[in-house]
$ cat my_file23.cif   # mmCIF, C-alpha atoms
data_my_file
#
loop_
_atom_site.group_PDB
_atom_site.id
_atom_site.type_symbol
_atom_site.label_atom_id
_atom_site.label_comp_id
_atom_site.auth_asym_id
_atom_site.auth_seq_id
_atom_site.Cartn_x
_atom_site.Cartn_y
_atom_site.Cartn_z
ATOM 1 C CA MET A 21 -3.244 101.841 -273.047
ATOM 2 C CA THR A 22 -1.846 103.243 -276.279
ATOM 3 C CA LEU A 23 0.854 105.792 -275.682
ATOM 4 C CA PRO A 24 1.891 108.387 -278.267
ATOM 5 C CA ALA A 25 4.836 107.553 -280.498
ATOM 6 C CA ALA A 26 8.236 109.121 -280.049
ATOM 7 C CA VAL A 27 9.221 112.165 -282.107
ATOM 8 C CA ALA A 28 12.732 112.703 -283.482
ATOM 9 C CA TYR A 29 14.387 116.078 -282.941
ATOM 10 C CA PHE A 30 17.986 117.229 -283.453
ATOM 11 C CA TYR A 31 20.095 118.901 -280.787
ATOM 12 C CA PRO A 32 23.206 120.976 -281.513
ATOM 13 C CA THR A 33 26.534 119.577 -280.330
ATOM 14 C CA GLY A 34 30.172 119.631 -281.424
ATOM 15 C CA GLY A 35 29.498 122.062 -284.266
ATOM 16 C CA GLY A 36 26.857 119.787 -285.805
ATOM 17 C CA GLU A 37 23.683 118.173 -284.616
ATOM 18 C CA GLU A 38 22.618 114.753 -283.400
ATOM 19 C CA LEU A 39 19.253 113.046 -283.218
ATOM 20 C CA ILE A 40 17.323 112.993 -279.962
ATOM 21 C CA LEU A 41 14.274 110.754 -279.653
ATOM 22 C CA ARG A 42 11.598 112.347 -277.476
ATOM 23 C CA PHE A 43 8.715 110.633 -275.700
ATOM 24 C CA GLY A 44 6.144 112.905 -274.037
ATOM 25 C CA ALA A 45 7.962 116.095 -275.038
ATOM 26 C CA SER A 46 5.168 118.296 -273.666
ATOM 27 C CA TYR A 47 5.261 116.994 -270.072
ATOM 28 C CA ALA A 48 6.539 119.381 -267.397
ATOM 29 C CA THR A 49 8.891 116.732 -265.961
ATOM 30 C CA GLN A 50 11.624 115.574 -268.320
ATOM 31 C CA VAL A 51 14.292 112.870 -268.253
ATOM 32 C CA VAL A 52 17.309 112.672 -270.532
ATOM 33 C CA LEU A 53 18.226 108.987 -270.806
ATOM 34 C CA ILE A 54 21.843 108.171 -271.634
ATOM 35 C CA GLU A 55 22.306 104.730 -273.124
ATOM 36 C CA SER A 56 25.238 102.411 -272.584
ATOM 37 C CA LEU A 57 28.172 102.522 -274.985
ATOM 38 C CA PHE A 58 29.321 100.415 -277.930
ATOM 39 C CA GLU A 59 27.843 96.926 -278.266
ATOM 40 C CA GLU A 60 25.959 97.275 -274.984
ATOM 41 C CA ARG A 61 23.995 100.139 -276.495
ATOM 42 C CA ASN A 62 22.497 97.720 -279.018
ATOM 43 C CA PHE A 63 21.731 95.166 -276.352
ATOM 44 C CA LEU A 64 19.947 97.708 -274.160
ATOM 45 C CA ARG A 65 18.290 99.703 -276.949
ATOM 46 C CA ARG A 66 14.840 98.156 -276.669
ATOM 47 C CA ILE A 67 14.986 98.470 -272.892
ATOM 48 C CA ALA A 68 15.944 102.162 -273.176
ATOM 49 C CA VAL A 69 13.086 102.866 -275.563
ATOM 50 C CA GLN A 70 10.629 100.925 -273.399
ATOM 51 C CA VAL A 71 11.720 102.964 -270.354
ATOM 52 C CA GLY A 72 11.021 106.134 -272.355
ATOM 53 C CA ARG A 73 7.617 104.822 -273.390
ATOM 54 C CA ALA A 74 6.698 103.609 -269.895
ATOM 55 C CA LEU A 75 7.646 106.905 -268.213
ATOM 56 C CA GLN A 76 4.739 108.562 -270.038
ATOM 57 C CA SER A 77 2.376 106.616 -267.780
ATOM 58 C CA TYR A 78 3.843 108.657 -264.926
ATOM 59 C CA ASP A 79 3.450 111.958 -266.857
ATOM 60 C CA ILE A 80 7.199 112.086 -267.352
ATOM 61 C CA GLY A 81 8.771 112.859 -270.718
ATOM 62 C CA CYS A 82 11.950 111.123 -271.804
ATOM 63 C CA SER A 83 14.551 112.070 -274.399
ATOM 64 C CA ILE A 84 17.170 109.619 -275.667
ATOM 65 C CA PRO A 85 20.022 111.347 -277.511
ATOM 66 C CA ASP A 86 22.369 109.801 -280.037
ATOM 67 C CA ILE A 87 25.860 110.800 -279.006
ATOM 68 C CA PRO A 88 28.464 111.433 -281.750
ATOM 69 C CA GLY A 89 29.435 108.262 -283.584
ATOM 70 C CA THR A 90 26.309 106.324 -282.498
ATOM 71 C CA GLY A 91 22.871 105.698 -283.972
ATOM 72 C CA GLU A 92 22.063 108.139 -286.780
ATOM 73 C CA SER A 93 25.203 110.233 -286.190
ATOM 74 C CA LEU A 94 27.190 111.330 -289.255
ATOM 75 C CA ILE A 95 30.397 111.371 -287.188
ATOM 76 C CA ASP A 96 32.847 108.500 -287.651
ATOM 77 C CA MET A 97 33.438 106.600 -284.392
ATOM 78 C CA ALA A 98 37.200 106.830 -285.033
ATOM 79 C CA ASP A 99 36.933 110.645 -284.716
ATOM 80 C CA VAL A 100 34.915 110.665 -281.503
ATOM 81 C CA THR A 101 36.511 111.905 -278.278
ATOM 82 C CA PHE A 102 35.532 111.037 -274.731
ATOM 83 C CA PRO A 103 35.136 114.699 -273.665
ATOM 84 C CA GLY A 104 33.068 115.160 -276.836
ATOM 85 C CA TRP A 105 30.632 112.564 -275.509
ATOM 86 C CA GLN A 106 30.394 114.323 -272.146
ATOM 87 C CA HIS A 107 29.753 117.619 -273.955
ATOM 88 C CA ALA A 108 27.077 115.937 -276.078
ATOM 89 C CA VAL A 109 25.207 114.731 -272.993
ATOM 90 C CA ALA A 110 25.403 118.238 -271.500
ATOM 91 C CA ASP A 111 24.192 119.674 -274.836
ATOM 92 C CA ALA A 112 21.276 117.222 -274.976
ATOM 93 C CA ALA A 113 20.241 118.192 -271.430
ATOM 94 C CA ARG A 114 20.525 121.884 -272.367
ATOM 95 C CA PHE A 115 18.355 121.293 -275.446
ATOM 96 C CA VAL A 116 15.603 119.722 -273.335
ATOM 97 C CA GLU A 117 15.943 122.468 -270.719
ATOM 98 C CA LYS A 118 15.485 125.149 -273.404
ATOM 99 C CA LYS A 119 12.533 123.381 -275.021
ATOM 100 C CA ASN A 120 10.691 122.805 -271.741
ATOM 101 C CA GLY A 121 11.946 125.687 -269.620
ATOM 102 C CA THR A 122 12.986 123.399 -266.796
ATOM 103 C CA LEU A 123 16.067 121.396 -265.846
ATOM 104 C CA PRO A 124 15.715 117.706 -266.757
ATOM 105 C CA PHE A 125 16.620 114.676 -264.700
ATOM 106 C CA ILE A 126 19.436 112.507 -266.049
ATOM 107 C CA ALA A 127 19.149 108.716 -266.195
ATOM 108 C CA ALA A 128 22.090 106.579 -267.325
ATOM 109 C CA LEU A 129 22.331 102.909 -268.241
ATOM 110 C CA ARG A 130 25.687 101.123 -267.646
ATOM 111 C CA GLY A 131 28.420 103.037 -269.516
ATOM 112 C CA GLY A 132 26.172 106.071 -269.844
ATOM 113 C CA ALA A 133 27.155 106.764 -266.222
ATOM 114 C CA LEU A 134 30.684 107.610 -267.441
ATOM 115 C CA ILE A 135 29.523 110.650 -269.387
ATOM 116 C CA ASP A 136 26.458 111.951 -267.515
ATOM 117 C CA HIS A 137 27.885 114.010 -264.654
ATOM 118 C CA THR A 138 28.879 117.259 -266.398
ATOM 119 C CA ALA A 139 25.322 118.006 -267.579
ATOM 120 C CA SER A 140 23.051 120.463 -265.771
ATOM 121 C CA ALA A 141 20.222 118.525 -264.185
ATOM 122 C CA LYS A 142 17.922 118.398 -261.168
ATOM 123 C CA ALA A 143 19.133 114.954 -260.123
ATOM 124 C CA TRP A 144 20.754 111.803 -261.479
ATOM 125 C CA TRP A 145 19.765 108.133 -261.617
ATOM 126 C CA ARG A 146 21.972 105.229 -262.708
ATOM 127 C CA PHE A 147 21.373 101.592 -263.588
ATOM 128 C CA ALA A 148 24.292 99.153 -263.180
ATOM 129 C CA PRO A 149 26.988 101.786 -263.856
ATOM 130 C CA ALA A 150 30.068 100.349 -265.559
ATOM 131 C CA THR A 151 33.673 101.451 -265.661
ATOM 132 C CA GLY A 152 35.316 102.080 -269.013
ATOM 133 C CA ALA A 153 37.643 99.131 -268.449
ATOM 134 C CA GLU A 154 34.636 96.833 -267.965
ATOM 135 C CA LEU A 155 33.306 97.912 -271.358
ATOM 136 C CA LEU A 156 36.655 97.553 -273.130
ATOM 137 C CA ARG A 157 37.474 94.120 -271.745
ATOM 138 C CA PRO A 158 34.950 92.047 -273.726
ATOM 139 C CA MET A 159 35.835 94.017 -276.860
ATOM 140 C CA ARG A 160 39.516 93.122 -276.386
ATOM 141 C CA GLN A 161 38.630 89.518 -275.655
ATOM 142 C CA ALA A 162 36.553 89.384 -278.823
ATOM 143 C CA ARG A 163 39.554 90.666 -280.786
ATOM 144 C CA ARG A 164 41.752 87.902 -279.349
ATOM 145 C CA ILE A 165 39.148 85.275 -280.135
ATOM 146 C CA ARG A 166 38.901 86.448 -283.730
ATOM 147 C CA GLY A 167 42.681 86.659 -283.937
ATOM 148 C CA ALA A 168 42.404 90.188 -285.331
ATOM 149 C CA ALA A 169 45.696 92.043 -285.545
ATOM 150 C CA ASP A 170 44.262 95.559 -285.815
ATOM 151 C CA GLN A 171 44.719 97.020 -282.329
ATOM 152 C CA GLN A 172 42.315 99.872 -283.097
ATOM 153 C CA ASP A 173 39.513 97.458 -283.766
ATOM 154 C CA HIS A 174 37.245 96.981 -280.747
ATOM 155 C CA ALA A 175 34.546 94.489 -281.725
ATOM 156 C CA GLY A 176 34.065 96.323 -284.986
ATOM 157 C CA TYR A 177 34.364 99.821 -283.479
ATOM 158 C CA ARG A 178 37.477 101.669 -284.581
ATOM 159 C CA LEU A 179 38.525 103.783 -281.601
ATOM 160 C CA ASN A 180 41.348 106.324 -281.535
ATOM 161 C CA GLU A 181 44.123 105.954 -278.957
ATOM 162 C CA ALA A 182 42.983 108.907 -276.867
ATOM 163 C CA MET A 183 39.499 107.420 -276.639
ATOM 164 C CA VAL A 184 40.839 104.041 -275.521
ATOM 165 C CA ALA A 185 43.108 105.668 -272.912
ATOM 166 C CA ALA A 186 40.250 107.808 -271.581
ATOM 167 C CA LEU A 187 37.912 104.816 -271.407
ATOM 168 C CA ASP A 188 40.495 102.654 -269.659
ATOM 169 C CA ALA A 189 40.712 105.242 -266.895
ATOM 170 C CA ALA A 190 37.036 106.221 -266.806
ATOM 171 C CA THR A 191 34.909 105.523 -263.733
ATOM 172 C CA PRO A 192 31.476 106.971 -262.926
ATOM 173 C CA GLN A 193 31.963 110.379 -261.305
ATOM 174 C CA SER A 194 29.830 112.033 -258.630
ATOM 175 C CA PRO A 195 27.384 114.470 -260.191
ATOM 176 C CA THR A 196 26.708 117.889 -258.663
ATOM 177 C CA GLY A 197 23.214 116.929 -257.449
ATOM 178 C CA PRO A 198 21.341 114.044 -255.820
ATOM 179 C CA LEU A 199 22.110 110.592 -257.246
ATOM 180 C CA ARG A 200 20.236 107.306 -256.961
ATOM 181 C CA GLN A 201 21.869 104.096 -258.078
ATOM 182 C CA THR A 202 18.893 101.839 -258.615
ATOM 183 C CA PRO A 203 18.949 98.397 -256.990
ATOM 184 C CA VAL A 204 16.757 97.047 -259.822
ATOM 185 C CA ARG A 205 18.439 94.044 -261.458
ATOM 186 C CA PRO A 206 17.518 91.737 -264.304
ATOM 187 C CA ASP A 207 15.854 88.486 -263.289
ATOM 188 C CA GLY A 208 18.575 86.142 -264.507
ATOM 189 C CA ILE A 209 21.460 86.879 -266.838
ATOM 190 C CA ALA A 210 22.278 90.524 -267.625
ATOM 191 C CA PRO A 211 20.898 91.503 -271.068
ATOM 192 C CA TRP A 212 24.273 92.858 -272.243
ATOM 193 C CA ARG A 213 25.881 89.425 -271.797
ATOM 194 C CA LEU A 214 23.470 87.616 -274.072
ATOM 195 C CA ALA A 215 24.529 86.380 -277.500
ATOM 196 C CA GLU A 216 21.639 88.220 -279.140
ATOM 197 C CA PRO A 217 19.877 91.454 -278.108
ATOM 198 C CA GLY A 218 16.598 90.733 -276.383
ATOM 199 C CA ASN A 219 13.594 92.616 -275.145
ATOM 200 C CA ASP A 220 13.228 92.448 -271.372
ATOM 201 C CA GLU A 221 10.026 94.409 -270.895
ATOM 202 C CA VAL A 222 9.738 93.355 -267.230
ATOM 203 C CA LEU A 223 13.155 94.880 -266.508
ATOM 204 C CA ALA A 224 12.349 98.027 -268.525
ATOM 205 C CA ASN A 225 9.089 98.588 -266.657
ATOM 206 C CA ALA A 226 10.789 97.992 -263.287
ATOM 207 C CA LEU A 227 13.447 100.566 -264.231
ATOM 208 C CA ALA A 228 10.824 103.108 -265.322
ATOM 209 C CA ASP A 229 8.917 102.576 -262.069
ATOM 210 C CA ASP A 230 12.044 103.017 -259.933
ATOM 211 C CA LEU A 231 13.066 106.123 -261.892
ATOM 212 C CA ALA A 232 9.578 107.637 -261.555
ATOM 213 C CA GLN A 233 9.632 107.019 -257.769
ATOM 214 C CA TRP A 234 13.037 108.695 -257.523
ATOM 215 C CA ILE A 235 11.792 111.720 -259.450
ATOM 216 C CA ALA A 236 8.760 111.933 -257.155
ATOM 217 C CA THR A 237 11.056 111.759 -254.122
ATOM 218 C CA CYS A 238 13.246 114.549 -255.506
ATOM 219 C CA ALA A 239 10.207 116.696 -256.314
ATOM 220 C CA ALA A 240 8.865 116.290 -252.767
ATOM 221 C CA SER A 241 12.105 117.268 -251.047
ATOM 222 C CA MET B 22 34.834 62.157 -264.626
ATOM 223 C CA ALA B 23 33.792 65.708 -265.307
ATOM 224 C CA GLN B 24 30.347 64.632 -266.446
ATOM 225 C CA GLY B 25 27.885 65.449 -263.689
ATOM 226 C CA SER B 26 30.359 67.584 -261.790
ATOM 227 C CA ASN B 27 29.404 71.006 -260.524
ATOM 228 C CA VAL B 28 31.654 72.787 -263.018
ATOM 229 C CA ASP B 29 30.121 70.787 -265.846
ATOM 230 C CA ALA B 30 26.607 71.812 -264.770
ATOM 231 C CA ILE B 31 27.594 75.480 -264.423
ATOM 232 C CA VAL B 32 29.309 75.625 -267.829
ATOM 233 C CA ARG B 33 26.239 74.056 -269.448
ATOM 234 C CA ALA B 34 23.916 76.496 -267.663
ATOM 235 C CA VAL B 35 26.040 79.471 -268.770
ATOM 236 C CA LEU B 36 25.990 78.253 -272.373
ATOM 237 C CA ALA B 37 22.212 77.822 -272.312
ATOM 238 C CA ASP B 38 21.623 81.244 -270.702
ATOM 239 C CA VAL B 39 24.064 83.283 -272.814
ATOM 240 C CA LEU B 40 23.133 81.640 -276.104
ATOM 241 C CA GLY B 41 19.449 81.481 -275.301
ATOM 242 C CA ILE B 42 19.263 77.828 -276.328
ATOM 243 C CA ASN B 43 17.284 75.029 -274.782
ATOM 244 C CA PRO B 44 19.023 73.439 -271.741
ATOM 245 C CA THR B 45 18.022 69.996 -273.022
ATOM 246 C CA ARG B 46 20.024 70.711 -276.192
ATOM 247 C CA VAL B 47 23.024 71.809 -274.099
ATOM 248 C CA ALA B 48 22.642 68.691 -271.935
ATOM 249 C CA MET B 49 23.382 66.610 -275.021
ATOM 250 C CA PHE B 50 26.704 68.385 -275.705
ATOM 251 C CA ASP B 51 29.616 65.974 -275.368
ATOM 252 C CA ASP B 52 33.398 66.431 -275.386
ATOM 253 C CA ASP B 53 33.500 66.671 -279.161
ATOM 254 C CA THR B 54 30.576 69.052 -279.679
ATOM 255 C CA PRO B 55 32.077 71.994 -281.595
ATOM 256 C CA LEU B 56 31.372 75.476 -280.179
ATOM 257 C CA PHE B 57 33.052 78.576 -281.666
ATOM 258 C CA GLY B 58 32.520 78.581 -285.416
ATOM 259 C CA ALA B 59 29.842 75.886 -285.185
ATOM 260 C CA LEU B 60 27.049 77.610 -283.262
ATOM 261 C CA PRO B 61 25.655 80.603 -285.167
ATOM 262 C CA GLU B 62 24.715 82.309 -281.878
ATOM 263 C CA LEU B 63 28.298 82.174 -280.628
ATOM 264 C CA ASP B 64 30.181 85.039 -282.282
ATOM 265 C CA SER B 65 33.260 86.652 -280.738
ATOM 266 C CA MET B 66 31.301 89.145 -278.627
ATOM 267 C CA ALA B 67 29.046 86.351 -277.391
ATOM 268 C CA VAL B 68 32.179 84.457 -276.346
ATOM 269 C CA ALA B 69 33.249 87.493 -274.322
ATOM 270 C CA GLY B 70 29.855 87.525 -272.583
ATOM 271 C CA LEU B 71 30.151 83.794 -272.004
ATOM 272 C CA LEU B 72 33.586 84.133 -270.392
ATOM 273 C CA THR B 73 32.470 86.981 -268.123
ATOM 274 C CA GLU B 74 29.428 85.010 -267.009
ATOM 275 C CA MET B 75 31.668 81.973 -266.347
ATOM 276 C CA GLU B 76 33.946 84.162 -264.230
ATOM 277 C CA ASP B 77 31.003 85.290 -262.100
ATOM 278 C CA ARG B 78 29.429 81.876 -261.617
ATOM 279 C CA LEU B 79 32.637 79.874 -261.171
ATOM 280 C CA HIS B 80 34.401 82.600 -259.137
ATOM 281 C CA ILE B 81 37.428 82.549 -261.421
ATOM 282 C CA ILE B 82 39.456 85.203 -263.242
ATOM 283 C CA ILE B 83 40.168 84.625 -266.913
ATOM 284 C CA ASP B 84 43.287 86.450 -268.095
ATOM 285 C CA ASP B 85 43.407 87.782 -271.633
ATOM 286 C CA ASP B 86 46.388 85.478 -272.219
ATOM 287 C CA ASP B 87 44.182 82.467 -271.401
ATOM 288 C CA ILE B 88 41.933 83.202 -274.334
ATOM 289 C CA ASP B 89 42.501 81.448 -277.631
ATOM 290 C CA GLY B 90 40.480 79.627 -280.247
ATOM 291 C CA GLU B 91 41.381 76.189 -278.885
ATOM 292 C CA MET B 92 39.651 76.579 -275.523
ATOM 293 C CA LEU B 93 36.447 77.349 -277.408
ATOM 294 C CA ALA B 94 36.790 74.748 -280.137
ATOM 295 C CA SER B 95 34.656 72.150 -278.381
ATOM 296 C CA PHE B 96 32.557 71.706 -275.274
ATOM 297 C CA GLY B 97 35.209 69.352 -273.881
ATOM 298 C CA ALA B 98 37.948 71.966 -274.346
ATOM 299 C CA LEU B 99 35.878 74.669 -272.654
ATOM 300 C CA LEU B 100 35.007 72.366 -269.772
ATOM 301 C CA ARG B 101 38.649 71.343 -269.249
ATOM 302 C CA PHE B 102 39.624 75.020 -269.289
ATOM 303 C CA ALA B 103 36.963 75.829 -266.663
ATOM 304 C CA GLU B 104 37.984 72.883 -264.476
ATOM 305 C CA HIS B 105 41.647 73.861 -264.698
ATOM 306 C CA LYS B 106 40.752 77.437 -263.669
ATOM 307 C CA THR B 107 38.608 76.371 -260.726
ATOM 308 C CA GLN B 108 41.441 74.214 -259.423
ATOM 309 C CA GLY B 109 43.426 77.486 -259.393
#

$ encode --input "my_file23.cif" --output "structure tokens"
Amino acid sequence: MTLPAAVAYFYPTGGGEELILRFGASYATQVVLIESLFEERNFLRRIAVQVGRALQSYDIGCSIPDIPGTGESLIDMADVTFPGWQHAVADAARFVEKKNGTLPFIAALRGGALIDHTASAKAWWRFAPATGAELLRPMRQARRIRGAADQQDHAGYRLNEAMVAALDAATPQSPTGPLRQTPVRPDGIAPWRLAEPGNDEVLANALADDLAQWIATCAAS
Amino acid sequence: MAQGSNVDAIVRAVLADVLGINPTRVAMFDDDTPLFGALPELDSMAVAGLLTEMEDRLHIIIDDDDIDGEMLASFGALLRFAEHKTQG
């Protein structure tokens, strides 16, 4: 079955605007999907987009926002703040709510679970939520391996001190509504640990299926 | 000898899985096979993924202070590092 292509919109946040990729924007049920952070975002990008595509088979729309400093953003990563990311997620959810006239569901992959809880949503869903320290560790290890002296450099991402401190302390927080942490796991090694980004369509479709079931459960209760 | 030991097999499996290379190619790695800087797939972030996967499968903790270029210079060096860690 051929599904319609995604459409790029822009949502206002932090005094500017960021891109938000929308699949099935006209559906009554909407998900805002928050990707993982830093290098993991690249490794899970195709999975995130495939989840968005697959959700259309369940008559569910899915929007994937760039947060400041990522993707098409004009903001320099060195200027990004952790609260700014949380605001951006809330702003993206508000944008979808305004466009569709209904509160969205929030889905978060890995580090996305660190910034998803302050948004207004019907319910939350998380895949393999990570702490900030878990995300920073491989970036610090990579710096040691390269013998890089620049302490601001995190695997090529220049992060300000406040951002590093906030990430070090960050753990996924309880949202204000129902939360499902999906038991779905990759068959084999986790995609974010691979040397090269891959395309695990089986995992993406399993995630979309689990998310759709959770949304159906929430709608029925 | 380490060859054929459990740690040896696990380190080879982790290398094959993380790097996405053929296990038969990894099976031919010997003590002197160069790793970091020699395998195009193995950049610094891939090393970090490799170490985390080794931690999980070998049930070890790798401190940041353990990490240097030497332990990754060759398959033999990485294997000796892993064996040392598993002996705690």

$ closest_residue --input "my_file23.cif" --among "A:Pro158, A:Gly131, A:Gly208, A:Gly176" --to "chain B" --atoms "only C-alpha atoms"
A:Pro158

$ resolve_selection --input "my_file23.cif" --expression "the PyMOL selection byres ((chain B) within 12 of (chain A))" --output "PyMOL selection string"
chain B and resi 34-42+57-58+60-75+77-78+83-94

$ residues_around --input "my_file23.cif" --residues "segment 183-185 of chain A" --least-positions-apart "3" --cutoff "6 Å" --atoms "only C-alpha atoms" --output "list in words"
Thr101, Phe102, Asn180 and Asp188 of chain A

$ atom_distance --input "my_file23.cif" --atom1 "atom CA of Thr196 of chain A" --atom2 "atom CA of Ile84 of chain A"
21.2 Å

$ residues_around --input "my_file23.cif" --residues "Ala25 of chain A" --least-positions-apart "6" --cutoff "9 Å" --atoms "only C-alpha atoms" --output "PyMOL selection string"
chain A and resi 42-44+73

$ atom_distance --input "my_file23.cif" --atom1 "atom CA of Pro85 of chain A" --atom2 "atom CA of Phe147 of chain A"
17.1 Å

$ residues_around --input "my_file23.cif" --residues "Val47 of chain B" --least-positions-apart "3" --cutoff "7 Å" --atoms "only C-alpha atoms" --output "ChimeraX atom specification"
/B:33,37,43-44,50

$ resolve_selection --input "my_file23.cif" --expression "the PyMOL selection byres ((chain B and resi 101) around 12)" --output "list in words"
Met22, Ala23, Gln24, Ser26, Val28, Asp29, Val32, Asp52, Glu91, Met92, Leu93, Ala94, Ser95, Phe96, Gly97, Ala98, Leu99, Leu100, Phe102, Ala103, Glu104, His105, Lys106, Thr107 and Gln108 of chain B

$ resolve_selection --input "my_file23.cif" --expression "the PyMOL selection byres ((chain A and resi 191) around 7)" --output "list in words"
Leu134, Thr151, Gly152, Ala189, Ala190, Pro192 and Gln193 of chain A

$ write_last_selection --input "my_file23.cif" --atoms "C-alpha atoms" --output "PDB file, in the coordinates of the input"
ATOM      1  CA  LEU A 134      30.684 107.610-267.441  1.00  0.00           C
ATOM      2  CA  THR A 151      33.673 101.451-265.661  1.00  0.00           C
ATOM      3  CA  GLY A 152      35.316 102.080-269.013  1.00  0.00           C
ATOM      4  CA  ALA A 189      40.712 105.242-266.895  1.00  0.00           C
ATOM      5  CA  ALA A 190      37.036 106.221-266.806  1.00  0.00           C
ATOM      6  CA  PRO A 192      31.476 106.971-262.926  1.00  0.00           C
ATOM      7  CA  GLN A 193      31.963 110.379-261.305  1.00  0.00           C
TER       8      GLN A 193
END

$ atom_distance --input "my_file23.cif" --atom1 "atom CA of Pro88 of chain A" --atom2 "atom CA of Pro195 of chain A"
21.8 Å

$ residues_near_point --input "my_file23.cif" --point "(5.1, 112.2, -263.4)" --cutoff "10 Å" --atoms "only C-alpha atoms" --output "ChimeraX atom specification"
/A:47-50,75-81,232-233,235-236,239

$ residues_near_point --input "my_file23.cif" --point "(15.7, 101.9, -260.6)" --cutoff "8 Å" --atoms "all atoms listed in the file" --output "JSON, numbers by chain"
{"A": [145, 146, 147, 200, 201, 202, 203, 204, 226, 227, 228, 229, 230, 231, 234]}
